[in-house]
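K.L.:
Please read through the structure below; I'll follow up with questions.
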Amino acid sequence: LSPRAGRGDLAGASVVIWTTTPWTLPGNRAISFSHKIGYGLYKVTDAPADNWAKTGDLLILADKLAEDVLKQARVVAFEKVQAVSADILAGLVCDHPLKSLGYDFAVPLLDGEHVDDSTGTGFVHTAPGHGREDFEIWMEYGRRLSERGISTRIPYTVDADGRYTDDAPGFVGRRVITEKGEKGDANEAVIKALVEAANLLARGKLKHQYPHSWRSKKPVIFRNTPQWFIAMDQDIAAGAEAKAGDTLRARALKAIKATRWVPPQGQNRITGMIESRPDWVISRQRAWGVPITVFIRDKGHGEVEILQDEAVNARIVAAFEAEGADAWYAAGARERFLGARAAEGWQKVDDILDVWFDSGSTHAFVLEDPENFATLAGIRRKVDGGRDQVMYLEGSDQHRGWFHSSLLESCGTRGRAPFDVVVTHGFTLDEQGRKMSKSLGNTVAPQDLIKQHGADIVRLWVGSCDYWDDQRIGPEIIKTTVDTYRKLRNTLRWMLGNLAHFRDQDRVKVERMPSLERYMLHRLAELDATVREAYANFDYKRIFAVLSQFMTVDLSAFYFDIRKDALYCDPISSVTRKACLTVLDHVFRCTVTWLAPILCFTAEEAWLARYSGTDGSVHLETFPEVPESWRNEGLAETWRKARAVRRVVTGALELERAGKRIGSSLEADPLVYVSDDDLFRAVVDLDLAEICITSGASLIEGDGPEDAFRLAEVPGVAVLPRRAEGTKCARSWKISPAVGSDPQYPDVTPRDAQALRELDALSPAAE
């Protein structure tokens, strides 16, 4: 304890600290303790003659750790003299253990939350220039220490080469760490000095974790350096414009709430970062980068004056515009920019800006420069007041990077965020969920996928992913994507093939359409709302899911399957055929424009195939306006039940086909028993043969025989398969007793005969 401690009953006592980095002791300026720990004054009553700890020594230690510490110090016997309270400790000051070498200053004791009694001595050696917690507690107590007459200057003990500076008297030039990343001679020199000053209690070897460079794998040390900061909690405006609490942190938190975050948890992530972040260190010491174009002059006591001269600034701007940022480092740059003020002692700052500061400033040059932004004029959206709506899109790691720096810079200079919407995505992993790396050989290059499969396959994979989380990619996943793409493409091709025969004058009004067509229009109305909402929410996987389901199940496997007969075999005058083509026209326009943002090349190809005589593009189209009047929930429920009944019939016919009792479903004329009242009412007015693609079908109310086919998931329906009777139509392949009833066309049904008659009437020979 220092003679200045003011505690006579503790005269001659020493506070024991424990450290694994003796080289930081020249930077020691305080000792930290905790009011939550019990401390005592211990007296050594017996120790070996050659021991560093001598009989009669008075040591202040944490009660819980005292026995273990004294055992390591080879003390034979000791006694506790008295308890030492936290209030007493808070008022003590010590001498530095290396006082004799020139460290003649008071070392105060500071109460810190980071101190515990799990190991060590209960006291933490505090060097504010070599540790974050040390720095923070030193800054926290700064004003109170100054009021006690204790200097709060943080020494600069280790330079950029790892050598002790003049702030480490007695050790100047000693190396803490060499240029090869190896241990220098500083530790041994400090330990030797402690022994000579009789201020070392014990020493030993300990293997522990230590920070290393991720690149060189060499150990690194923490040291304080002069840096440039942007304050988070200092009022931004000055003078008459100043507002209490108008800090960068407050502005940023307000801007976060005014921004739309996709996914929503991104808001909590960046809010937590802004709430807890310290002042922003914007300077770096690198050989290259964008310089901090500032001149400073030393004012003493660690303070500097910043030159503010518009003429100097103008010369810097002109040079940068003509020559780039390297002008700052050119020979004679100081004199060139300072001009007549070069003799005033101003020094050029050669630190560079944090690269995140660079990226965070992009909004000022991209969004606010009309020349750069003009190309986007056709697709910009407007928000209230006519301002352009801006979206930032990047990986979730950018909450700490680009989003973060952009937010702070814009809030500090513009008072708001530079973005209105922030969309983030996860990382892309291989099929096993591992991070991609060249060493593992599991990288998947987009350009290779595009070369092999085309760009739309990659786009479809992206659109199908839950990009809010990490996503996986690999050969099997791409294979699945290719299969899905092929189904979507074939659906579009089938529609194009049939719409080639569609004439605008053949359009059928909704009220004249059959029930099935009105049901498909209802599905379009449902999907329109879903797709628009999903695009607005950047939920592309939902768009992929609903459109893939609609096009492969509702269209290809259901609607197209049923309507192939009407499209191929009905007379040209058939209302059903015309209604189907009208619906196909609506379906094509909707699905192609809905898919266009994702499958941009395929959608364009399909669009131009349909409208080849135009100069348009699907990417100049807006989503079709789907009338709300197309919605019909009652009709949708009817067809939900009809499709359930159809599923049972299809299941029964699959067994017949597997048993080779029939070839195609058109060879069947099943008996369909329906005992469920709701299901029966739903299908009683429908053409079951048409729906089930059979030559005939009989609906019977009742349970059906025991040996009838049933599905557990569709109770109340039983199907008894039977073969259709009659002759096979040469045109529709339906089996019917009516085949041959028209003598002009003896090998087809009357329906097909009428179709052939109309076709013959249109042929040139008929004219």
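Following the order of the structure tokens, first chain is A, next is B, and so on, with residues numbered from 1 inside each chain and ligands from 1 in the order they appear.
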Show me a table, sorted first by chain and then by increasing residue number, of the residues of range 204-275 of chain A having an atom at most 9 Å from range 403-424 of chain A, each with its shortest atom pair and the distance in Å to one decimal, counting only C-alpha atoms and written as a tab-separated table.

P.N.:
residue	atom	partner	partner_atom	distance
A:Ile236	CA	A:Gly412	CA	7.4
A:Thr247	CA	A:Gly412	CA	8.4
A:Leu248	CA	A:Gly412	CA	5.9
A:Arg249	CA	A:Leu408	CA	8.1
A:Arg251	CA	A:Cys411	CA	6.0
A:Ala252	CA	A:Cys411	CA	6.0
A:Lys254	CA	A:Arg416	CA	8.3
A:Ala255	CA	A:Ala417	CA	5.5
A:Ile256	CA	A:Ala417	CA	7.4
A:Ala258	CA	A:Asp420	CA	7.7
A:Thr259	CA	A:Asp420	CA	5.1
A:Arg260	CA	A:Val421	CA	4.7
A:Trp261	CA	A:Val422	CA	5.0
A:Val262	CA	A:Val423	CA	4.7
A:Pro263	CA	A:Val423	CA	6.8
A:Gly266	CA	A:Thr424	CA	7.6
A:Ile270	CA	A:His404	CA	7.4
A:Met273	CA	A:His404	CA	8.6
A:Ile274	CA	A:His404	CA	8.2

K.L.:
Please build the interface table for range 599-684 of chain A against range 570-588 of chain A with a cut-off of 12 Å, listing for each qualifying residue the nearest atom pair and the distance in Å to one decimal; count only C-alpha atoms, order rows by chain and increasing number, and write it as a tab-separated table.

P.N.:
residue	atom	partner	partner_atom	distance
A:Ala603	CA	A:Phe588	CA	10.2
A:Ala606	CA	A:Phe588	CA	9.2
A:Trp607	CA	A:Phe588	CA	8.9
A:Ala609	CA	A:Phe588	CA	11.7
A:Arg610	CA	A:Phe588	CA	9.3
A:Tyr611	CA	A:Phe588	CA	11.6
A:Val618	CA	A:Phe588	CA	11.6
A:Phe623	CA	A:His586	CA	11.4
A:Pro624	CA	A:His586	CA	8.6
A:Glu625	CA	A:His586	CA	10.3
A:Val626	CA	A:His586	CA	8.9
A:Pro627	CA	A:His586	CA	11.2
A:Trp630	CA	A:Val583	CA	11.6

K.L.:
Write a file of the selected residues as an mmCIF file, in the first residue's frame, keeping N, CA and C atoms.

P.N.:
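In the end it all went to out.cif:
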data_model
loop_
_atom_site.group_PDB
_atom_site.id
_atom_site.type_symbol
_atom_site.label_atom_id
_atom_site.label_comp_id
_atom_site.auth_asym_id
_atom_site.auth_seq_id
_atom_site.Cartn_x
_atom_site.Cartn_y
_atom_site.Cartn_z
ATOM 1 N N ALA A 603 -40.326 -17.657 -68.957
ATOM 2 C CA ALA A 603 -41.560 -16.876 -69.086
ATOM 3 C C ALA A 603 -41.524 -16.013 -70.339
ATOM 4 N N ALA A 606 -42.038 -18.287 -73.400
ATOM 5 C CA ALA A 606 -43.441 -18.695 -73.526
ATOM 6 C C ALA A 606 -44.304 -17.529 -73.997
ATOM 7 N N TRP A 607 -44.055 -16.358 -73.456
ATOM 8 C CA TRP A 607 -44.846 -15.176 -73.811
ATOM 9 C C TRP A 607 -44.697 -14.842 -75.295
ATOM 10 N N ALA A 609 -43.792 -16.833 -77.635
ATOM 11 C CA ALA A 609 -44.371 -17.907 -78.440
ATOM 12 C C ALA A 609 -45.877 -17.711 -78.588
ATOM 13 N N ARG A 610 -46.496 -17.154 -77.574
ATOM 14 C CA ARG A 610 -47.953 -16.912 -77.607
ATOM 15 C C ARG A 610 -48.279 -15.640 -78.375
ATOM 16 N N TYR A 611 -47.446 -14.606 -78.187
ATOM 17 C CA TYR A 611 -47.709 -13.309 -78.818
ATOM 18 C C TYR A 611 -46.521 -12.946 -79.706
ATOM 19 N N VAL A 618 -42.910 -10.076 -71.595
ATOM 20 C CA VAL A 618 -43.633 -10.413 -70.361
ATOM 21 C C VAL A 618 -43.161 -9.534 -69.210
ATOM 22 N N PHE A 623 -49.188 -7.933 -63.396
ATOM 23 C CA PHE A 623 -50.010 -9.103 -63.133
ATOM 24 C C PHE A 623 -51.441 -8.825 -63.604
ATOM 25 N N PRO A 624 -52.088 -9.779 -64.277
ATOM 26 C CA PRO A 624 -53.464 -9.565 -64.730
ATOM 27 C C PRO A 624 -54.398 -9.265 -63.565
ATOM 28 N N GLU A 625 -55.361 -8.409 -63.813
ATOM 29 C CA GLU A 625 -56.364 -8.110 -62.796
ATOM 30 C C GLU A 625 -57.403 -9.237 -62.798
ATOM 31 N N VAL A 626 -57.382 -10.048 -61.794
ATOM 32 C CA VAL A 626 -58.298 -11.185 -61.685
ATOM 33 C C VAL A 626 -59.554 -10.723 -60.954
ATOM 34 N N PRO A 627 -60.728 -10.792 -61.599
ATOM 35 C CA PRO A 627 -61.958 -10.300 -60.947
ATOM 36 C C PRO A 627 -62.270 -11.057 -59.661
ATOM 37 N N TRP A 630 -64.860 -13.903 -59.654
ATOM 38 C CA TRP A 630 -64.552 -15.293 -60.000
ATOM 39 C C TRP A 630 -64.548 -16.202 -58.769
#

K.L.:
Pick out the residues sitting within 8 Å of range 730-744 of chain A, and hand them over as a compact mmCIF listing (two decimals) with N, CA, C and O atoms, in the first residue's frame; count only C-alpha atoms, and ignore anything fewer than 3 positions along from it in its own chain.

P.N.:
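For reference, part13.txt as written:
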# COMPACT_ATOMS: atom_id res chain seq x y z
N ASP A 565 -60.26 -34.48 -73.72
CA ASP A 565 -61.28 -35.05 -74.60
C ASP A 565 -62.08 -33.94 -75.29
O ASP A 565 -62.31 -33.99 -76.50
N CYS A 569 -61.68 -33.57 -79.16
CA CYS A 569 -62.74 -34.31 -79.86
C CYS A 569 -64.07 -33.57 -79.98
O CYS A 569 -64.91 -33.95 -80.82
N LEU A 666 -60.57 -45.57 -70.11
CA LEU A 666 -61.70 -45.48 -71.03
C LEU A 666 -62.36 -46.83 -71.30
O LEU A 666 -63.43 -46.91 -71.89
N GLU A 667 -61.72 -47.91 -70.86
CA GLU A 667 -62.31 -49.24 -71.01
C GLU A 667 -63.25 -49.56 -69.85
O GLU A 667 -63.81 -50.66 -69.79
N THR A 694 -63.67 -42.00 -67.90
CA THR A 694 -64.13 -43.34 -68.26
C THR A 694 -65.16 -43.21 -69.37
O THR A 694 -65.67 -42.12 -69.66
N SER A 695 -65.48 -44.33 -69.98
CA SER A 695 -66.49 -44.30 -71.05
C SER A 695 -67.89 -44.17 -70.50
O SER A 695 -68.81 -43.73 -71.20
N ALA A 724 -66.59 -51.34 -69.83
CA ALA A 724 -67.58 -50.64 -70.65
C ALA A 724 -68.05 -51.55 -71.78
O ALA A 724 -67.27 -52.36 -72.32
N GLU A 725 -69.29 -51.41 -72.17
CA GLU A 725 -69.86 -52.21 -73.24
C GLU A 725 -70.06 -51.35 -74.49
O GLU A 725 -70.44 -50.19 -74.40
N GLY A 726 -69.83 -51.93 -75.63
CA GLY A 726 -70.01 -51.21 -76.88
C GLY A 726 -68.77 -51.31 -77.75
O GLY A 726 -67.90 -52.16 -77.56
N THR A 727 -68.68 -50.37 -78.68
CA THR A 727 -67.58 -50.36 -79.64
C THR A 727 -66.66 -49.17 -79.36
O THR A 727 -67.12 -48.10 -78.95
N ASP A 747 -67.63 -45.22 -87.72
CA ASP A 747 -66.68 -45.74 -86.72
C ASP A 747 -66.48 -44.79 -85.54
O ASP A 747 -65.53 -44.93 -84.79
N VAL A 748 -67.39 -43.78 -85.37
CA VAL A 748 -67.24 -42.85 -84.24
C VAL A 748 -68.59 -42.65 -83.57
O VAL A 748 -69.64 -43.03 -84.10
N THR A 749 -68.53 -41.98 -82.41
CA THR A 749 -69.74 -41.66 -81.67
C THR A 749 -70.45 -40.49 -82.34
O THR A 749 -69.84 -39.76 -83.15
N PRO A 750 -71.70 -40.26 -82.02
CA PRO A 750 -72.41 -39.11 -82.59
C PRO A 750 -71.72 -37.79 -82.30
O PRO A 750 -71.70 -36.89 -83.16
N ASP A 752 -68.49 -37.23 -81.95
CA ASP A 752 -67.34 -37.14 -82.84
C ASP A 752 -67.77 -36.98 -84.29
O ASP A 752 -67.08 -36.33 -85.09
N ALA A 753 -68.89 -37.58 -84.63
CA ALA A 753 -69.41 -37.42 -86.00
C ALA A 753 -69.74 -35.96 -86.27
O ALA A 753 -69.44 -35.42 -87.36

K.L.:
Considering only C-alpha atoms, state which residue in the set A:Ile191, A:Ala536, A:Leu70, A:Leu671 is at the smallest distance from Gly120 in chain A.

P.N.:
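That would be A:Leu70, the residue with the smallest distance to Gly120 in chain A.
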
K.L.:
According to DSSP computed on the backbone, where in range 188-267 of chain A is there alpha helix (DSSP H)? Give the residues as a list in words.

P.N.:
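The alpha helix (DSSP H) residues within range 188-267 of chain A come out as Glu188, Ala189, Val190, Ile191, Lys192, Ala193, Leu194, Val195, Glu196, Leu248, Arg249, Ala250, Arg251, Ala252, Leu253, Lys254, Ala255, Ile256, Lys257, Ala258, Gln265, Gly266 and Gln267 of chain A.
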
K.L.:
Where in range 33-195 of chain A does DSSP assign strand (DSSP E), given as an mmCIF file with C-alpha atoms, in the first residue's frame?

P.N.:
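Printed below is out_8.cif as written:
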data_model
loop_
_atom_site.group_PDB
_atom_site.id
_atom_site.type_symbol
_atom_site.label_atom_id
_atom_site.label_comp_id
_atom_site.auth_asym_id
_atom_site.auth_seq_id
_atom_site.Cartn_x
_atom_site.Cartn_y
_atom_site.Cartn_z
ATOM 1 C CA PHE A 33 -11.862 -5.854 -6.896
ATOM 2 C CA TYR A 39 -11.464 -10.037 1.611
ATOM 3 C CA GLY A 40 -9.040 -10.248 4.515
ATOM 4 C CA LEU A 41 -5.609 -9.162 5.697
ATOM 5 C CA TYR A 42 -3.373 -12.225 6.077
ATOM 6 C CA LYS A 43 -0.030 -12.421 7.897
ATOM 7 C CA VAL A 44 2.677 -14.927 6.983
ATOM 8 C CA THR A 45 3.778 -16.587 10.272
ATOM 9 C CA ASP A 46 6.200 -19.150 8.873
ATOM 10 C CA LEU A 58 0.995 -8.729 5.276
ATOM 11 C CA LEU A 59 -1.086 -9.698 2.242
ATOM 12 C CA ILE A 60 -4.628 -8.710 1.254
ATOM 13 C CA LEU A 61 -6.449 -11.594 -0.483
ATOM 14 C CA ALA A 62 -9.930 -12.891 -1.206
ATOM 15 C CA ALA A 77 1.793 -21.010 8.150
ATOM 16 C CA PHE A 78 -0.362 -17.884 8.102
ATOM 17 C CA GLU A 79 -3.163 -16.207 10.010
ATOM 18 C CA LYS A 80 -6.011 -13.882 9.149
ATOM 19 C CA VAL A 81 -5.471 -10.604 10.938
ATOM 20 C CA GLN A 82 -8.712 -8.851 10.030
ATOM 21 C CA ALA A 83 -11.454 -8.537 7.441
ATOM 22 C CA VAL A 84 -11.085 -5.835 4.804
ATOM 23 C CA VAL A 93 -4.176 3.467 -3.282
ATOM 24 C CA CYS A 94 -1.078 1.387 -3.885
ATOM 25 C CA ASP A 95 2.417 1.927 -5.169
ATOM 26 C CA ALA A 106 -0.764 6.173 -7.373
ATOM 27 C CA VAL A 107 -2.481 2.889 -8.260
ATOM 28 C CA PRO A 108 -6.137 3.079 -7.131
ATOM 29 C CA LEU A 109 -8.485 0.193 -6.340
ATOM 30 C CA LEU A 110 -11.655 0.119 -8.435
ATOM 31 C CA ASP A 111 -14.850 -1.880 -7.864
ATOM 32 C CA VAL A 124 -7.386 -8.129 -11.076
ATOM 33 C CA HIS A 125 -4.371 -6.267 -12.358
ATOM 34 C CA THR A 126 -5.762 -3.498 -14.566
#

K.L.:
Please measure the separation of CA of Tyr540 in chain A and CA of Gly401 in chain A, giving the value in Å to one decimal.

P.N.:
25.0 Å

K.L.:
Excluding Leu488 in chain A and its own-chain neighbours fewer than 5 positions away, which residues fall within 10 Å of it when counting only C-alpha atoms? Please give them as a list of chain:residue names.

P.N.:
A:Val482, A:Asp483, A:Arg493, A:Leu547, A:Ser548, A:Gln549, A:Phe550, A:Met551, A:Thr552, A:Ser556, A:Thr591, A:Leu595, A:Thr602

K.L.:
Counting only C-alpha atoms, which of A:Tyr485, A:Tyr329, A:Phe123, A:Trp52 gets nearest to Val195 in chain A?

P.N.:
A:Trp52

K.L.:
Take CA of Tyr559 in chain A and CA of His619 in chain A and report the distance between them in Å, one decimal.

P.N.:
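So the answer is 27.7 Å.
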